[in-house]
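Below is coords-v6.cif, holding mmCIF, C-alpha atoms and all ligand atoms.
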data_query
loop_
_atom_site.group_PDB
_atom_site.id
_atom_site.type_symbol
_atom_site.label_atom_id
_atom_site.label_comp_id
_atom_site.auth_asym_id
_atom_site.auth_seq_id
_atom_site.Cartn_x
_atom_site.Cartn_y
_atom_site.Cartn_z
ATOM 1 C CA MET A 3 -4.948 -67.610 73.275
ATOM 2 C CA ALA A 4 -4.382 -66.569 76.888
ATOM 3 C CA PHE A 5 -0.895 -65.603 78.109
ATOM 4 C CA LEU A 6 -0.743 -68.458 80.633
ATOM 5 C CA GLU A 7 -2.742 -71.570 79.819
ATOM 6 C CA ILE A 8 -2.978 -74.417 82.287
ATOM 7 C CA GLU A 9 -4.813 -77.298 80.703
ATOM 8 C CA GLY A 10 -5.901 -80.569 82.287
ATOM 9 C CA LEU A 11 -3.157 -80.290 84.891
ATOM 10 C CA SER A 12 -2.686 -83.151 87.333
ATOM 11 C CA ALA A 13 0.325 -83.283 89.667
ATOM 12 C CA TYR A 14 1.710 -86.209 91.605
ATOM 13 C CA TYR A 15 3.938 -86.864 94.597
ATOM 14 C CA GLY A 16 4.878 -90.487 93.991
ATOM 15 C CA LYS A 17 1.513 -92.159 93.498
ATOM 16 C CA ALA A 18 -0.419 -89.543 95.446
ATOM 17 C CA ARG A 19 -2.262 -87.048 93.269
ATOM 18 C CA ALA A 20 -2.206 -83.484 94.611
ATOM 19 C CA LEU A 21 -3.896 -81.770 91.630
ATOM 20 C CA HIS A 22 -6.586 -83.194 89.367
ATOM 21 C CA ASN A 23 -7.499 -81.895 85.936
ATOM 22 C CA VAL A 24 -7.045 -78.179 86.648
ATOM 23 C CA ASP A 25 -7.773 -75.631 83.879
ATOM 24 C CA ILE A 26 -6.765 -72.005 84.373
ATOM 25 C CA ALA A 27 -6.247 -69.248 81.795
ATOM 26 C CA VAL A 28 -4.589 -65.952 82.643
ATOM 27 C CA GLU A 29 -4.617 -62.969 80.279
ATOM 28 C CA LYS A 30 -1.572 -60.739 79.900
ATOM 29 C CA GLY A 31 -1.509 -57.911 82.439
ATOM 30 C CA GLU A 32 -4.040 -59.586 84.727
ATOM 31 C CA ILE A 33 -3.837 -60.342 88.454
ATOM 32 C CA VAL A 34 -5.343 -63.746 89.185
ATOM 33 C CA ALA A 35 -5.752 -65.463 92.549
ATOM 34 C CA VAL A 36 -5.972 -69.133 93.427
ATOM 35 C CA VAL A 37 -7.799 -69.485 96.730
ATOM 36 C CA GLY A 38 -7.843 -72.591 98.899
ATOM 37 C CA ALA A 39 -7.450 -74.010 102.399
ATOM 38 C CA ASN A 40 -4.380 -75.802 103.798
ATOM 39 C CA GLY A 41 -3.490 -78.749 101.605
ATOM 40 C CA ALA A 42 -5.742 -77.673 98.712
ATOM 41 C CA GLY A 43 -2.776 -77.778 96.315
ATOM 42 C CA LYS A 44 -1.893 -74.082 95.951
ATOM 43 C CA SER A 45 1.863 -74.492 96.355
ATOM 44 C CA THR A 46 1.757 -77.618 94.203
ATOM 45 C CA LEU A 47 0.134 -75.604 91.414
ATOM 46 C CA LEU A 48 2.850 -72.940 91.440
ATOM 47 C CA ASP A 49 5.587 -75.580 91.867
ATOM 48 C CA SER A 50 4.131 -77.332 88.818
ATOM 49 C CA ILE A 51 4.376 -74.172 86.704
ATOM 50 C CA MET A 52 8.043 -73.978 87.804
ATOM 51 C CA GLY A 53 8.704 -77.553 86.694
ATOM 52 C CA LEU A 54 9.185 -78.823 90.246
ATOM 53 C CA THR A 55 6.580 -81.607 90.222
ATOM 54 C CA THR A 56 5.596 -84.574 88.083
ATOM 55 C CA ILE A 57 2.642 -83.541 85.935
ATOM 56 C CA LYS A 58 0.124 -84.641 83.368
ATOM 57 C CA GLY A 59 -1.521 -82.074 81.122
ATOM 58 C CA ASP A 60 0.049 -78.942 79.722
ATOM 59 C CA ILE A 61 1.208 -75.505 80.851
ATOM 60 C CA ARG A 62 1.854 -72.904 78.153
ATOM 61 C CA LEU A 63 3.292 -69.408 78.402
ATOM 62 C CA GLY A 64 2.761 -67.188 75.379
ATOM 63 C CA GLY A 65 1.765 -70.313 73.452
ATOM 64 C CA ASP A 66 4.958 -72.252 74.277
ATOM 65 C CA SER A 67 4.766 -75.352 76.443
ATOM 66 C CA LEU A 68 6.737 -75.290 79.701
ATOM 67 C CA ALA A 69 6.152 -78.996 80.346
ATOM 68 C CA GLY A 70 9.405 -80.914 80.588
ATOM 69 C CA LEU A 71 11.619 -77.813 80.818
ATOM 70 C CA SER A 72 14.078 -77.410 83.703
ATOM 71 C CA SER A 73 13.233 -74.815 86.352
ATOM 72 C CA ARG A 74 16.122 -72.704 85.126
ATOM 73 C CA ALA A 75 14.750 -72.748 81.589
ATOM 74 C CA ILE A 76 11.309 -71.795 82.930
ATOM 75 C CA VAL A 77 12.847 -68.804 84.756
ATOM 76 C CA GLU A 78 14.582 -67.883 81.508
ATOM 77 C CA GLN A 79 11.218 -68.087 79.719
ATOM 78 C CA GLY A 80 10.085 -65.268 82.027
ATOM 79 C CA VAL A 81 8.514 -66.861 85.105
ATOM 80 C CA GLY A 82 9.510 -65.405 88.488
ATOM 81 C CA TYR A 83 8.607 -67.255 91.697
ATOM 82 C CA ALA A 84 8.273 -66.016 95.263
ATOM 83 C CA PRO A 85 7.679 -69.293 97.104
ATOM 84 C CA GLU A 86 5.694 -69.709 100.315
ATOM 85 C CA ARG A 87 8.573 -70.648 102.528
ATOM 86 C CA PHE A 88 10.797 -67.754 101.766
ATOM 87 C CA ASN A 89 13.951 -69.678 100.992
ATOM 88 C CA LEU A 90 16.040 -66.594 101.613
ATOM 89 C CA PHE A 91 19.638 -67.043 102.683
ATOM 90 C CA PRO A 92 19.349 -65.931 106.328
ATOM 91 C CA TYR A 93 22.998 -64.955 106.854
ATOM 92 C CA MET A 94 23.298 -63.050 103.608
ATOM 93 C CA SER A 95 22.387 -59.394 103.190
ATOM 94 C CA VAL A 96 19.246 -58.095 101.515
ATOM 95 C CA LEU A 97 21.337 -57.014 98.521
ATOM 96 C CA ASP A 98 23.070 -60.388 98.130
ATOM 97 C CA ASN A 99 19.734 -62.221 98.392
ATOM 98 C CA LEU A 100 18.363 -59.981 95.646
ATOM 99 C CA LEU A 101 21.421 -60.559 93.463
ATOM 100 C CA VAL A 102 20.915 -64.333 93.744
ATOM 101 C CA GLY A 103 17.717 -63.723 91.777
ATOM 102 C CA ALA A 104 19.688 -62.081 88.985
ATOM 103 C CA PHE A 105 21.582 -65.231 87.970
ATOM 104 C CA THR A 106 19.673 -65.650 84.712
ATOM 105 C CA ALA A 107 19.400 -61.890 84.012
ATOM 106 C CA ARG A 108 22.831 -60.460 84.827
ATOM 107 C CA GLU A 109 22.758 -57.860 82.090
ATOM 108 C CA GLU A 110 19.580 -56.313 83.475
ATOM 109 C CA ALA A 111 20.596 -56.622 87.148
ATOM 110 C CA ASP A 112 21.143 -52.878 87.704
ATOM 111 C CA ARG A 113 17.848 -51.915 86.105
ATOM 112 C CA ASN A 114 15.877 -54.612 87.931
ATOM 113 C CA LEU A 115 17.514 -53.685 91.244
ATOM 114 C CA GLN A 116 16.422 -50.087 90.725
ATOM 115 C CA LEU A 117 12.867 -51.280 90.089
ATOM 116 C CA VAL A 118 12.911 -53.344 93.295
ATOM 117 C CA PHE A 119 14.300 -50.438 95.350
ATOM 118 C CA ASP A 120 11.684 -48.069 93.856
ATOM 119 C CA LEU A 121 8.953 -50.505 94.790
ATOM 120 C CA PHE A 122 10.357 -51.228 98.268
ATOM 121 C CA PRO A 123 12.391 -48.203 99.452
ATOM 122 C CA ARG A 124 12.807 -49.976 102.784
ATOM 123 C CA LEU A 125 14.994 -52.587 101.118
ATOM 124 C CA ALA A 126 17.222 -49.875 99.680
ATOM 125 C CA GLU A 127 17.690 -48.376 103.151
ATOM 126 C CA ARG A 128 18.444 -51.790 104.611
ATOM 127 C CA ARG A 129 20.390 -53.388 101.810
ATOM 128 C CA SER A 130 23.215 -54.462 104.154
ATOM 129 C CA GLN A 131 20.952 -56.097 106.745
ATOM 130 C CA GLU A 132 21.133 -59.889 107.095
ATOM 131 C CA THR A 133 17.685 -61.233 106.315
ATOM 132 C CA TYR A 134 17.366 -63.358 109.495
ATOM 133 C CA THR A 135 17.140 -60.109 111.471
ATOM 134 C CA GLN A 136 14.275 -58.748 109.355
ATOM 135 C CA SER A 137 10.566 -58.699 110.106
ATOM 136 C CA GLY A 138 8.225 -61.076 108.262
ATOM 137 C CA GLY A 139 6.943 -58.242 106.083
ATOM 138 C CA GLU A 140 10.463 -57.163 105.111
ATOM 139 C CA ARG A 141 11.397 -60.742 104.264
ATOM 140 C CA GLN A 142 8.319 -60.986 102.057
ATOM 141 C CA MET A 143 9.553 -57.866 100.242
ATOM 142 C CA VAL A 144 12.969 -59.478 99.709
ATOM 143 C CA SER A 145 11.289 -62.628 98.431
ATOM 144 C CA LEU A 146 9.179 -60.632 95.959
ATOM 145 C CA GLY A 147 12.209 -58.528 95.047
ATOM 146 C CA ARG A 148 14.319 -61.588 94.360
ATOM 147 C CA ALA A 149 11.637 -62.948 92.025
ATOM 148 C CA LEU A 150 11.565 -59.583 90.227
ATOM 149 C CA MET A 151 15.353 -59.704 89.756
ATOM 150 C CA THR A 152 14.784 -62.499 87.217
ATOM 151 C CA GLY A 153 13.030 -59.916 85.000
ATOM 152 C CA PRO A 154 9.797 -61.910 84.770
ATOM 153 C CA SER A 155 6.821 -61.441 82.470
ATOM 154 C CA LEU A 156 4.795 -63.659 84.828
ATOM 155 C CA LEU A 157 5.170 -63.377 88.610
ATOM 156 C CA LEU A 158 4.009 -66.243 90.853
ATOM 157 C CA VAL A 159 3.515 -65.405 94.525
ATOM 158 C CA ASP A 160 2.615 -68.113 97.025
ATOM 159 C CA GLU A 161 0.550 -66.804 99.970
ATOM 160 C CA PRO A 162 2.051 -63.310 100.190
ATOM 161 C CA THR A 163 0.125 -62.491 103.390
ATOM 162 C CA ILE A 164 0.852 -65.604 105.431
ATOM 163 C CA GLY A 165 1.688 -64.698 109.008
ATOM 164 C CA LEU A 166 1.647 -60.944 108.360
ATOM 165 C CA ALA A 167 -0.261 -58.250 110.253
ATOM 166 C CA PRO A 168 -3.253 -56.650 108.465
ATOM 167 C CA LYS A 169 -1.407 -53.361 107.864
ATOM 168 C CA VAL A 170 1.540 -55.187 106.282
ATOM 169 C CA CYS A 171 -0.880 -57.200 104.104
ATOM 170 C CA LEU A 172 -2.276 -53.908 102.788
ATOM 171 C CA ASP A 173 1.266 -52.703 101.998
ATOM 172 C CA ILE A 174 2.028 -55.901 100.100
ATOM 173 C CA ALA A 175 -1.268 -55.624 98.195
ATOM 174 C CA GLU A 176 -0.455 -52.014 97.291
ATOM 175 C CA SER A 177 3.008 -52.998 96.022
ATOM 176 C CA LEU A 178 1.585 -55.784 93.843
ATOM 177 C CA ARG A 179 -1.092 -53.433 92.492
ATOM 178 C CA ARG A 180 1.527 -50.786 91.696
ATOM 179 C CA LEU A 181 3.746 -53.309 89.998
ATOM 180 C CA ASN A 182 0.852 -54.543 87.895
ATOM 181 C CA GLY A 183 -0.366 -51.028 87.109
ATOM 182 C CA GLU A 184 3.010 -49.486 86.271
ATOM 183 C CA THR A 185 4.732 -52.326 84.448
ATOM 184 C CA GLY A 186 1.751 -54.383 83.252
ATOM 185 C CA LEU A 187 3.279 -57.465 84.863
ATOM 186 C CA THR A 188 0.989 -60.509 84.908
ATOM 187 C CA ILE A 189 0.657 -61.842 88.465
ATOM 188 C CA VAL A 190 -0.711 -65.092 89.907
ATOM 189 C CA ILE A 191 -1.047 -65.247 93.691
ATOM 190 C CA THR A 192 -2.320 -68.002 95.952
ATOM 191 C CA GLU A 193 -4.205 -67.155 99.123
ATOM 192 C CA GLN A 194 -6.141 -68.634 102.014
ATOM 193 C CA ASN A 195 -7.381 -65.129 102.717
ATOM 194 C CA ALA A 196 -10.202 -64.861 100.179
ATOM 195 C CA ASN A 197 -10.986 -61.253 101.005
ATOM 196 C CA PHE A 198 -7.396 -60.215 100.335
ATOM 197 C CA ALA A 199 -7.455 -62.174 97.071
ATOM 198 C CA MET A 200 -10.673 -60.512 96.017
ATOM 199 C CA SER A 201 -9.344 -57.031 96.732
ATOM 200 C CA LEU A 202 -6.477 -57.629 94.325
ATOM 201 C CA ALA A 203 -7.490 -60.065 91.609
ATOM 202 C CA SER A 204 -9.777 -59.683 88.605
ATOM 203 C CA HIS A 205 -10.332 -63.451 88.393
ATOM 204 C CA LEU A 206 -10.343 -66.020 91.167
ATOM 205 C CA HIS A 207 -10.078 -69.787 91.134
ATOM 206 C CA ILE A 208 -11.231 -71.795 94.127
ATOM 207 C CA LEU A 209 -9.178 -74.932 94.726
ATOM 208 C CA GLU A 210 -10.449 -77.742 96.974
ATOM 209 C CA THR A 211 -8.443 -80.923 97.586
ATOM 210 C CA GLY A 212 -6.639 -80.566 94.293
ATOM 211 C CA GLU A 213 -9.649 -79.753 92.109
ATOM 212 C CA LEU A 214 -11.041 -76.467 90.859
ATOM 213 C CA LYS A 215 -14.383 -75.919 92.518
ATOM 214 C CA MET A 216 -15.257 -72.636 90.861
ATOM 215 C CA SER A 217 -13.728 -69.875 88.756
ATOM 216 C CA GLY A 218 -14.939 -66.368 88.010
ATOM 217 C CA THR A 219 -14.631 -62.651 88.582
ATOM 218 C CA ALA A 220 -14.699 -61.219 92.088
ATOM 219 C CA GLU A 221 -18.344 -60.167 91.515
ATOM 220 C CA GLU A 222 -19.389 -63.586 90.238
ATOM 221 C CA LEU A 223 -17.873 -65.444 93.162
ATOM 222 C CA GLY A 224 -18.963 -62.827 95.687
ATOM 223 C CA SER A 225 -22.609 -63.417 94.805
ATOM 224 C CA ASP A 226 -22.423 -67.190 95.356
ATOM 225 C CA GLU A 227 -23.986 -67.921 98.729
ATOM 226 C CA GLU A 228 -22.290 -71.239 99.478
ATOM 227 C CA LEU A 229 -18.908 -69.829 98.537
ATOM 228 C CA ASN A 230 -19.502 -66.739 100.624
ATOM 229 C CA LYS A 231 -20.138 -68.861 103.688
ATOM 230 C CA ALA A 232 -17.140 -71.087 103.104
ATOM 231 C CA TYR A 233 -14.531 -68.496 102.136
ATOM 232 C CA PHE A 234 -15.611 -64.978 102.879
ATOM 233 C CA GLY A 235 -17.110 -65.360 106.324
ATOM 234 C CA HIS A 236 -20.438 -63.697 105.438
HETATM 235 N N1 LIG B 1 6.713 -83.003 98.694
HETATM 236 C C1 LIG B 1 5.542 -83.613 98.912
HETATM 237 N N2 LIG B 1 5.451 -84.949 99.036
HETATM 238 C C2 LIG B 1 4.271 -85.574 99.255
HETATM 239 N N3 LIG B 1 3.088 -84.929 99.345
HETATM 240 C C3 LIG B 1 3.114 -83.592 99.235
HETATM 241 C C4 LIG B 1 4.332 -82.864 99.013
HETATM 242 N N4 LIG B 1 4.031 -81.543 98.953
HETATM 243 C C5 LIG B 1 2.695 -81.464 99.125
HETATM 244 N N5 LIG B 1 2.149 -82.677 99.289
HETATM 245 C C6 LIG B 1 0.709 -82.959 99.486
HETATM 246 O O1 LIG B 1 -0.016 -82.385 98.412
HETATM 247 C C7 LIG B 1 -1.226 -81.784 98.867
HETATM 248 C C8 LIG B 1 -1.243 -80.310 98.490
HETATM 249 O O2 LIG B 1 -0.221 -79.630 99.202
HETATM 250 P P1 LIG B 1 0.155 -78.114 98.951
HETATM 251 O O3 LIG B 1 1.381 -77.820 99.729
HETATM 252 O O4 LIG B 1 0.193 -77.871 97.500
HETATM 253 O O5 LIG B 1 -1.102 -77.362 99.573
HETATM 254 P P2 LIG B 1 -1.324 -75.831 99.854
HETATM 255 O O6 LIG B 1 -2.650 -75.481 99.306
HETATM 256 O O7 LIG B 1 -0.144 -75.061 99.396
HETATM 257 O O8 LIG B 1 -1.404 -75.792 101.461
HETATM 258 P P3 LIG B 1 -0.892 -74.670 102.505
HETATM 259 O O9 LIG B 1 -1.939 -73.605 102.521
HETATM 260 O O10 LIG B 1 -0.829 -75.409 103.804
HETATM 261 O O11 LIG B 1 0.443 -74.168 102.053
HETATM 262 C C9 LIG B 1 -1.269 -82.030 100.370
HETATM 263 O O12 LIG B 1 -2.055 -83.167 100.615
HETATM 264 C C10 LIG B 1 0.188 -82.298 100.734
HETATM 265 O O13 LIG B 1 0.278 -83.170 101.845
HETATM 266 MG MG MG B 2 1.200 -73.891 100.273
#
As structure tokens, please, write out the structure in this file.
Amino acid sequence: MAFLEIEGLSAYYGKARALHNVDIAVEKGEIVAVVGANGAGKSTLLDSIMGLTTIKGDIRLGGDSLAGLSSRAIVEQGVGYAPERFNLFPYMSVLDNLLVGAFTAREEADRNLQLVFDLFPRLAERRSQETYTQSGGERQMVSLGRALMTGPSLLLVDEPTIGLAPKVCLDIAESLRRLNGETGLTIVITEQNANFAMSLASHLHILETGELKMSGTAEELGSDEELNKAYFGH
């Protein structure tokens, strides 16, 4: 049994189907990437894990089904979410935005805050800054930090590199790698940037118009010629 099991997942917006029959398994302690172009269904997949869409199929965490649970209950089950559109409160400070993430894990707030500040010392230095004045990279750190304040055992990150400069992308990758290495946290990211995804993830899943086109290790996918042309620019 894998830690996260997505089985026969279809997701709908009204009558329109955004995901069709998706199967993904993620082992505990793994970093997995879901790669796809605009509109492929990446955000829909993560939203579905969070209970934010109408689905068919099943999603299990540690063997327990998340289907039908409220988003709050899913957070309490140990799923943290850093969504694509940051959804930070722009006129609140870094610290207050982080504390919003602690609403289901108040007892552990001090410990989790320390972990976030260790991971992103810049946020500790700038804890009083209102987030609308921050750079894109700093806001991404707050978004990741807020997800970590829920004390997750599974972290979902939607397009962590979107709109960020290459150097900042490397910093974000390093932070995710450190987090995974030091705490063993299981991480699922989505990406349009296949090379970034490959540098970070042990398994990749290619999503095209709501369906899984291919799944495998970085080496397996890297040796597929058609895929290379389409996603890796070689
Ligand atoms: N709230 C919604 N209502 C109706 N259709 C939606 C909604 N959200 C997404 N869709 C549709 O579902 C499909 C998948 O969208 P989704 O946002 O999951 O793609 P994505 O891979 O995250 O794209 P991007 O890289 O642009 O963020 C698209 O066709 C989109 O138009
Ligand atoms: Mg998206």
Any residue with an atom at most 6 Å from ligand LIG 1 (chain B) counts, using all atoms listed in the file. Which are they? Put them as a list in words.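 Taking all atoms listed in the file into account, the residues around ligand LIG 1 (chain B) at most 6 Å away are Tyr15, Ala20, Gly38, Ala39, Asn40, Gly41, Ala42, Gly43, Lys44, Ser45 and Thr46 of chain A.
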Mind writing the picked residues with C-alpha atoms as a compact mmCIF listing (two decimals), in the frame of the given file?
# COMPACT_ATOMS: atom_id res chain seq x y z
CA TYR A 15 3.94 -86.86 94.60
CA ALA A 20 -2.21 -83.48 94.61
CA GLY A 38 -7.84 -72.59 98.90
CA ALA A 39 -7.45 -74.01 102.40
CA ASN A 40 -4.38 -75.80 103.80
CA GLY A 41 -3.49 -78.75 101.60
CA ALA A 42 -5.74 -77.67 98.71
CA GLY A 43 -2.78 -77.78 96.32
CA LYS A 44 -1.89 -74.08 95.95
CA SER A 45 1.86 -74.49 96.36
CA THR A 46 1.76 -77.62 94.20
Counting all atoms listed in the file, which residues of stretch 98-170 of chain A fall within 9 Å of stretch 178-194 of chain A, and what is the closest atom pair for each with its distance in Å at one decimal, ordered by chain and rising number, as a Markdown table?
| residue | atom | partner | partner_atom | distance |
| --- | --- | --- | --- | --- |
| A:Leu121 | CA | A:Leu181 | CA | 7.6 |
| A:Pro154 | CA | A:Leu187 | CA | 7.9 |
| A:Ser155 | CA | A:Leu187 | CA | 5.8 |
| A:Leu156 | CA | A:Thr188 | CA | 4.9 |
| A:Leu157 | CA | A:Ile189 | CA | 4.8 |
| A:Leu158 | CA | A:Val190 | CA | 4.9 |
| A:Val159 | CA | A:Ile191 | CA | 4.6 |
| A:Asp160 | CA | A:Thr192 | CA | 5.1 |
| A:Glu161 | CA | A:Glu193 | CA | 4.8 |
| A:Pro162 | CA | A:Glu193 | CA | 7.4 |
| A:Thr163 | CA | A:Glu193 | CA | 7.7 |
| A:Ile164 | CA | A:Glu193 | CA | 8.2 |
With a distance cut-off of 8 Å and only C-alpha atoms, select the neighbouring residues of A:Leu206, excluding the residue or stretch itself and same-chain residues fewer than 5 positions from it, and output the selection as a compact mmCIF listing (two decimals) with C-alpha atoms, in the coordinates of the input.
# COMPACT_ATOMS: atom_id res chain seq x y z
CA VAL A 34 -5.34 -63.75 89.18
CA ALA A 35 -5.75 -65.46 92.55
CA VAL A 36 -5.97 -69.13 93.43
CA VAL A 37 -7.80 -69.48 96.73
CA ALA A 199 -7.46 -62.17 97.07
CA MET A 200 -10.67 -60.51 96.02
CA SER A 217 -13.73 -69.88 88.76
CA GLY A 218 -14.94 -66.37 88.01
CA THR A 219 -14.63 -62.65 88.58
CA ALA A 220 -14.70 -61.22 92.09
CA LEU A 223 -17.87 -65.44 93.16
Can you pull out the residues contacting stretch 52-54 of chain A? Cut-off 10 Å, using all atoms listed in the file, and skip same-chain residues under 6 positions away; I want them as a ChimeraX atom specification. /A:13,46,61,68-77,81-83,158
Between atom CA of A:Ile51 and atom CA of A:Gly224, what is the spacing in Å?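 Value for the atom CA of A:Gly224-atom CA of A:Ile51 distance: 27.5 Å.
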Go through the shown structure with the PyMOL selection byres (((chain A and resi 19) around 12) and not hetatm) and write out the matching residues as a count of residues only. 24
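Atom CA of A:Glu7 sits 26.2 Å away from atom CA of A:Ser225.
In terms of minimum interatomic distance to A:Thr106, A:Thr152 ranks closest within A:Ser130, A:Thr152, A:Asp120, A:Gly138, counting all atoms listed in the file.
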Evaluated on this file, the PyMOL selection byres (((chain A and resi 116) around 12) and not hetatm) picks out some residues - which ones are they, written as a ChimeraX atom specification? /A:97,100-101,110-115,117-123,125-126,147,150-151,153
For atom CA of A:Ala27 and atom CA of A:Asp173, quote the distance in Å rounded to one decimal.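 Computing it gives 27.2 Å between the two atoms.
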Using only C-alpha atoms for the distances, tell me which of A:Val170, A:Leu202, A:Ile26, A:Leu90 is nearest to A:Gly10. A:Ile26
Across A:Phe5, A:Val28, A:Thr135, A:Ala149, the smallest distance to A:Ala104, with only C-alpha atoms counted, is shown by A:Ala149
Nearest residue to ligand MG 2 (chain B) from the set A:Glu132, A:Asp49, A:Asp226, A:Glu9 (distances using only C-alpha atoms and all ligand atoms): A:Asp49
Taking into account only C-alpha atoms and all ligand atoms, which residue in the set A:Ala4, A:Ala232, A:Leu209, A:Ala107 is nearest to ligand MG 2 (chain B)? A:Leu209
Among listed residues A:Val24, A:Ile33, A:Ala84, A:Cys171, nearest ligand MG 2 (chain B) (using only C-alpha atoms and all ligand atoms): A:Ala84
Quick one: residues within 12 Å of A:Tyr134, only C-alpha atoms counted, chain neighbours fewer than 3 positions away excluded, as a ChimeraX atom specification? /A:88-96,99,130-131,137-138,140-142,144
